[in-house]
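What's in protein-v1.txt: compact mmCIF, C-alpha atoms
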# COMPACT_ATOMS: atom_id res chain seq x y z
CA MET J 1 -15.13 23.27 78.13
CA ASN J 2 -16.93 20.39 76.42
CA ARG J 3 -14.40 20.51 73.63
CA LEU J 4 -11.53 19.96 76.09
CA LEU J 5 -13.39 17.17 77.87
CA ASN J 6 -14.16 15.46 74.57
CA TYR J 7 -10.53 15.76 73.53
CA ALA J 8 -9.34 14.34 76.84
CA LYS J 9 -11.77 11.43 76.61
CA ALA J 10 -10.70 10.65 73.04
CA HIS J 11 -6.98 10.44 73.88
CA ASN J 12 -4.83 8.40 76.22
CA PHE J 13 -2.15 10.36 78.04
CA GLU J 14 0.83 8.47 79.45
CA ARG J 15 1.71 11.26 81.90
CA PRO J 16 -0.01 14.26 83.43
CA THR J 17 -0.96 16.62 80.63
CA LEU J 18 -2.19 20.18 80.59
CA LEU J 19 -4.86 20.93 78.00
CA LEU J 20 -5.44 24.54 77.16
CA ASP J 21 -8.15 25.97 74.95
CA VAL J 22 -6.60 28.76 72.89
CA ASP J 23 -10.11 30.00 72.08
CA LYS J 24 -10.57 30.57 75.83
CA VAL J 25 -7.31 32.55 75.89
CA GLU J 26 -8.77 34.71 73.12
CA GLU J 27 -12.07 35.10 74.96
CA ASN J 28 -10.29 36.20 78.15
CA TYR J 29 -8.02 38.59 76.25
CA LYS J 30 -11.05 40.21 74.61
CA LYS J 31 -12.79 40.58 77.98
CA LEU J 32 -9.71 42.22 79.46
CA THR J 33 -9.23 44.66 76.59
CA LYS J 34 -12.94 45.49 76.55
CA GLY J 35 -12.76 46.31 80.26
CA MET J 36 -9.66 48.48 79.78
CA PRO J 37 -10.04 49.88 76.27
CA THR J 38 -7.24 52.45 76.51
CA ALA J 39 -4.66 50.10 78.07
CA HIS J 40 -1.89 48.32 76.19
CA VAL J 41 -2.18 44.77 77.50
CA HIS J 42 1.17 43.00 77.76
CA TYR J 43 1.01 39.20 78.04
CA ALA J 44 3.69 37.80 80.36
CA VAL J 45 5.32 35.24 78.09
CA LYS J 46 6.67 33.26 81.05
CA ALA J 47 3.06 32.45 82.06
CA ASN J 48 2.78 30.09 79.08
CA PRO J 49 5.07 30.53 76.06
CA GLN J 50 3.27 28.04 73.79
CA LYS J 51 3.57 29.07 70.16
CA GLU J 52 -0.18 28.72 69.59
CA ILE J 53 -0.96 31.13 72.43
CA LEU J 54 1.58 33.70 71.29
CA GLU J 55 0.39 33.51 67.68
CA ARG J 56 -3.24 33.92 68.70
CA LEU J 57 -2.42 36.89 70.91
CA VAL J 58 -0.37 38.48 68.11
CA SER J 59 -3.41 38.16 65.82
CA LEU J 60 -5.49 39.98 68.44
CA GLY J 61 -3.04 42.86 68.76
CA SER J 62 -1.63 41.92 72.15
CA ARG J 63 1.67 43.22 73.38
CA PHE J 64 4.17 41.07 75.25
CA ASP J 65 6.36 41.20 78.33
CA ALA J 66 9.48 39.11 77.73
CA ALA J 67 11.86 38.24 80.55
CA SER J 68 14.70 36.80 78.47
CA MET J 69 16.26 36.78 75.03
CA GLY J 70 14.64 33.38 74.45
CA GLU J 71 11.21 34.84 75.13
CA ILE J 72 11.94 37.77 72.80
CA VAL J 73 12.80 35.29 70.04
CA MET J 74 9.56 33.36 70.70
CA CYS J 75 7.53 36.56 70.39
CA ILE J 76 9.27 37.60 67.17
CA ASN J 77 8.85 34.10 65.73
CA ALA J 78 5.13 34.25 66.57
CA GLY J 79 4.88 37.46 64.55
CA ALA J 80 5.02 40.11 67.29
CA ALA J 81 6.39 43.48 66.26
CA PRO J 82 9.43 44.50 68.35
CA GLU J 83 7.68 47.73 69.32
CA HIS J 84 5.00 45.58 70.99
CA ILE J 85 7.50 43.78 73.23
CA SER J 86 8.75 45.07 76.56
CA PHE J 87 11.87 43.60 78.12
CA GLY J 88 10.49 43.17 81.60
CA ASN J 89 13.33 41.48 83.43
CA THR J 90 14.67 44.25 85.65
CA VAL J 91 18.25 42.97 85.88
CA LYS J 92 19.75 42.48 82.44
CA ARG J 93 23.16 41.67 81.05
CA VAL J 94 24.59 44.32 78.74
CA GLN J 95 24.60 41.91 75.80
CA ASP J 96 20.90 41.16 76.37
CA ILE J 97 20.04 44.87 76.38
CA GLN J 98 22.06 45.34 73.20
CA TYR J 99 20.33 42.37 71.53
CA ALA J 100 16.86 43.62 72.47
CA TYR J 101 17.69 47.12 71.29
CA ALA J 102 19.13 45.85 67.99
CA THR J 103 15.93 43.84 67.54
CA GLY J 104 13.87 47.02 67.83
CA ILE J 105 12.64 46.79 71.41
CA ARG J 106 12.35 50.21 73.01
CA LEU J 107 10.56 49.51 76.31
CA PHE J 108 12.50 48.23 79.32
CA ALA J 109 11.72 47.64 83.00
CA VAL J 110 14.06 48.94 85.70
CA ASP J 111 14.10 48.92 89.48
CA ALA J 112 17.57 50.22 90.30
CA ASP J 113 19.72 53.22 89.40
CA GLU J 114 22.35 50.95 87.84
CA GLU J 115 19.77 49.53 85.44
CA VAL J 116 18.72 53.02 84.32
CA VAL J 117 22.36 53.79 83.54
CA LYS J 118 22.73 50.54 81.54
CA LYS J 119 19.62 51.35 79.49
CA ALA J 120 20.85 54.89 78.80
CA GLN J 121 24.21 53.55 77.62
CA HIS J 122 23.05 50.53 75.62
CA ALA J 123 19.47 51.37 74.58
CA PRO J 124 19.56 55.14 74.05
CA GLY J 125 16.23 56.85 73.55
CA SER J 126 14.26 53.89 74.88
CA ASP J 127 11.35 54.19 77.26
CA VAL J 128 11.61 52.66 80.71
CA PHE J 129 9.06 51.81 83.33
CA VAL J 130 10.06 51.65 86.96
CA ARG J 131 8.87 48.86 89.21
CA MET J 132 8.14 50.31 92.62
CA LEU J 133 7.85 48.53 95.95
CA VAL J 134 4.33 48.85 97.27
CA GLU J 135 2.64 47.62 100.40
CA SER J 136 0.37 44.68 99.70
CA THR J 137 -0.77 43.61 103.13
CA GLU J 138 -4.22 42.73 101.80
CA ALA J 139 -2.92 40.57 98.95
CA GLU J 140 -3.42 36.82 98.97
CA TRP J 141 0.14 36.46 97.68
CA PRO J 142 2.09 39.57 98.69
CA LEU J 143 5.15 40.34 96.59
CA SER J 144 5.99 43.63 98.31
CA LYS J 145 9.46 42.44 99.30
CA LYS J 146 10.28 40.74 96.02
CA PHE J 147 10.01 43.31 93.21
CA GLY J 148 10.76 46.97 92.77
CA CYS J 149 12.72 49.86 94.18
CA ASP J 150 11.75 52.01 97.11
CA THR J 151 10.26 55.44 96.53
CA ASP J 152 13.51 57.22 97.42
Any chance you could put this one into structure tokens?
Amino acid sequence: MNRLLNYAKAHNFERPTLLLDVDKVEENYKKLTKGMPTAHVHYAVKANPQKEILERLVSLGSRFDAASMGEIVMCINAGAAPEHISFGNTVKRVQDIQYAYATGIRLFAVDADEEVVKKAQHAPGSDVFVRMLVESTEAEWPLSKKFGCDTD
């Protein structure tokens, strides 16, 4: 934290500026993977797609959840292997599925029958994960009506 404060004090910013310590990103990633050693951690690129963050996470062996073709390109440009990228947007255009598949991505999110059919047609042999609606009455920020398909 002192490093960020020193940096902020040494520079004049003409507009509001977010400073992020990439070493802290690494520290948090390592804590998460230590706590879940058998999990494949996927960083949601939309959270912060800065090149420095993506490159650091690639060097640590992170996987990535990309929501768009642009995010896929950012991950690839940062050095991520296509097999470490999931295409997490649940509603995708056919051309986006085809692009991701041609790039080597083989993991896709779905939350509707129609999306399963599109993946079978345009990304044959790929793995899919299904986003399910769950009750989250105890959550501070419930998303139970926003994402996923019902159990039927």
CA of Ala8 (chain J) to CA of Pro49 (chain J), distance in Å rounded to a single decimal: 21.7 Å
Among listed residues J:Pro82, J:Leu54, J:Ile97, J:Thr90, nearest Met69 (chain J) (using all atoms listed in the file):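 Using all atoms listed in the file, the shortest distance to Met69 (chain J) belongs to J:Ile97.
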Computed interatomic separation between CA of Gly79 (chain J) and CA of Ala100 (chain J) (Å):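 Pair CA of Gly79 (chain J) / CA of Ala100 (chain J) returns 15.6 Å.
We find CA of Thr137 (chain J) and CA of Ser86 (chain J) to be spaced 28.3 Å apart.
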Selected residue, from J:Ser68, J:Thr103, J:Gln98, J:Ser62, that lies nearest to Glu26 (chain J) when counting only C-alpha atoms: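 Checking each of J:Ser68, J:Thr103, J:Gln98, J:Ser62 against Glu26 (chain J), counting only C-alpha atoms, the winner is J:Ser62.
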Top pick for closest residue to Asp152 (chain J), considering J:Glu55, J:Glu71, J:Asp113, J:Asp21 and counting all atoms listed in the file: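 Of J:Glu55, J:Glu71, J:Asp113, J:Asp21, the one nearest Asp152 (chain J) is J:Asp113, counting all atoms listed in the file.
In terms of minimum interatomic distance to Ala120 (chain J), J:Arg106 ranks closest within J:Asn48, J:Arg106, J:Glu140, J:Gly61, counting all atoms listed in the file.
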Contacts of Asp65 (chain J) at 10 Å (only C-alpha atoms; same-chain gap of 6+ positions) as a ChimeraX atom specification: /J:41-46,71-72,75,84-89,107-109
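Between Val116 (chain J) and the candidates J:Val134, J:Val91, J:Leu4, J:Val25, the tightest atom-to-atom separation, counting only C-alpha atoms, involves J:Val91.
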Of the listed residues J:Val110, J:Thr151, J:Arg93, J:Arg63, that which approaches Ala39 (chain J) most closely, counting all atoms listed in the file: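 Closest candidate: J:Arg63.
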Selection: 12 Å around Val117 (chain J), all atoms listed in the file, excl. self and same-chain fewer than 6 positions, as a list in words: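 Those residues are Val91, Lys92, Val94, Ile97, Val110, Asp111, Ala123, Pro124, Ser126 and Val128 of chain J.
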To box region 46-56 of chain J, take all atoms listed in the file, fit an axis-aligned box, add 4 Å on each side, and give centre and edge lengths in Å to one decimal, as AutoDock Vina command-line options.
--center_x 1.7 --center_y 31.0 --center_z 74.9 --size_x 17.9 --size_y 13.9 --size_z 22.4
Assuming the input is short of atoms at region 7-21 of chain J, produce N, CA, C and O atoms for that part as a PDB file, keeping the file's coordinate frame.
ATOM      1  N   TYR J   7     -11.890  16.047  73.963  1.00  0.00           N
ATOM      2  CA  TYR J   7     -10.530  15.760  73.530  1.00  0.00           C
ATOM      3  C   TYR J   7      -9.832  14.834  74.527  1.00  0.00           C
ATOM      4  O   TYR J   7      -9.191  13.852  74.147  1.00  0.00           O
ATOM      5  N   ALA J   8      -9.987  15.153  75.800  1.00  0.00           N
ATOM      6  CA  ALA J   8      -9.340  14.340  76.840  1.00  0.00           C
ATOM      7  C   ALA J   8      -9.876  12.918  76.836  1.00  0.00           C
ATOM      8  O   ALA J   8      -9.118  11.957  77.008  1.00  0.00           O
ATOM      9  N   LYS J   9     -11.163  12.770  76.639  1.00  0.00           N
ATOM     10  CA  LYS J   9     -11.770  11.430  76.610  1.00  0.00           C
ATOM     11  C   LYS J   9     -11.341  10.632  75.388  1.00  0.00           C
ATOM     12  O   LYS J   9     -11.249   9.413  75.444  1.00  0.00           O
ATOM     13  N   ALA J  10     -11.047  11.324  74.294  1.00  0.00           N
ATOM     14  CA  ALA J  10     -10.700  10.650  73.040  1.00  0.00           C
ATOM     15  C   ALA J  10      -9.223  10.272  72.958  1.00  0.00           C
ATOM     16  O   ALA J  10      -8.811   9.587  72.030  1.00  0.00           O
ATOM     17  N   HIS J  11      -8.414  10.709  73.925  1.00  0.00           N
ATOM     18  CA  HIS J  11      -6.980  10.440  73.880  1.00  0.00           C
ATOM     19  C   HIS J  11      -6.506   9.802  75.176  1.00  0.00           C
ATOM     20  O   HIS J  11      -7.054  10.060  76.243  1.00  0.00           O
ATOM     21  N   ASN J  12      -5.487   8.978  75.046  1.00  0.00           N
ATOM     22  CA  ASN J  12      -4.830   8.400  76.220  1.00  0.00           C
ATOM     23  C   ASN J  12      -3.542   9.158  76.462  1.00  0.00           C
ATOM     24  O   ASN J  12      -2.725   9.308  75.550  1.00  0.00           O
ATOM     25  N   PHE J  13      -3.353   9.620  77.685  1.00  0.00           N
ATOM     26  CA  PHE J  13      -2.150  10.360  78.040  1.00  0.00           C
ATOM     27  C   PHE J  13      -1.326   9.506  78.984  1.00  0.00           C
ATOM     28  O   PHE J  13      -1.839   9.008  79.990  1.00  0.00           O
ATOM     29  N   GLU J  14      -0.052   9.319  78.654  1.00  0.00           N
ATOM     30  CA  GLU J  14       0.830   8.470  79.450  1.00  0.00           C
ATOM     31  C   GLU J  14       1.360   9.181  80.691  1.00  0.00           C
ATOM     32  O   GLU J  14       1.897   8.541  81.585  1.00  0.00           O
ATOM     33  N   ARG J  15       1.225  10.482  80.744  1.00  0.00           N
ATOM     34  CA  ARG J  15       1.710  11.260  81.900  1.00  0.00           C
ATOM     35  C   ARG J  15       0.758  12.437  82.096  1.00  0.00           C
ATOM     36  O   ARG J  15      -0.039  12.751  81.222  1.00  0.00           O
ATOM     37  N   PRO J  16       0.852  13.091  83.221  1.00  0.00           N
ATOM     38  CA  PRO J  16      -0.010  14.260  83.430  1.00  0.00           C
ATOM     39  C   PRO J  16       0.155  15.263  82.287  1.00  0.00           C
ATOM     40  O   PRO J  16       1.266  15.540  81.846  1.00  0.00           O
ATOM     41  N   THR J  17      -0.959  15.758  81.800  1.00  0.00           N
ATOM     42  CA  THR J  17      -0.960  16.620  80.630  1.00  0.00           C
ATOM     43  C   THR J  17      -1.867  17.812  80.857  1.00  0.00           C
ATOM     44  O   THR J  17      -2.983  17.657  81.357  1.00  0.00           O
ATOM     45  N   LEU J  18      -1.394  18.970  80.505  1.00  0.00           N
ATOM     46  CA  LEU J  18      -2.190  20.180  80.590  1.00  0.00           C
ATOM     47  C   LEU J  18      -2.830  20.432  79.228  1.00  0.00           C
ATOM     48  O   LEU J  18      -2.148  20.486  78.205  1.00  0.00           O
ATOM     49  N   LEU J  19      -4.138  20.566  79.211  1.00  0.00           N
ATOM     50  CA  LEU J  19      -4.860  20.930  78.000  1.00  0.00           C
ATOM     51  C   LEU J  19      -5.311  22.365  78.141  1.00  0.00           C
ATOM     52  O   LEU J  19      -5.870  22.750  79.168  1.00  0.00           O
ATOM     53  N   LEU J  20      -5.075  23.134  77.113  1.00  0.00           N
ATOM     54  CA  LEU J  20      -5.440  24.540  77.160  1.00  0.00           C
ATOM     55  C   LEU J  20      -6.198  24.895  75.899  1.00  0.00           C
ATOM     56  O   LEU J  20      -5.770  24.579  74.789  1.00  0.00           O
ATOM     57  N   ASP J  21      -7.312  25.564  76.065  1.00  0.00           N
ATOM     58  CA  ASP J  21      -8.150  25.970  74.950  1.00  0.00           C
ATOM     59  C   ASP J  21      -7.729  27.381  74.525  1.00  0.00           C
ATOM     60  O   ASP J  21      -7.965  28.357  75.236  1.00  0.00           O
TER      61      ASP J  21
END
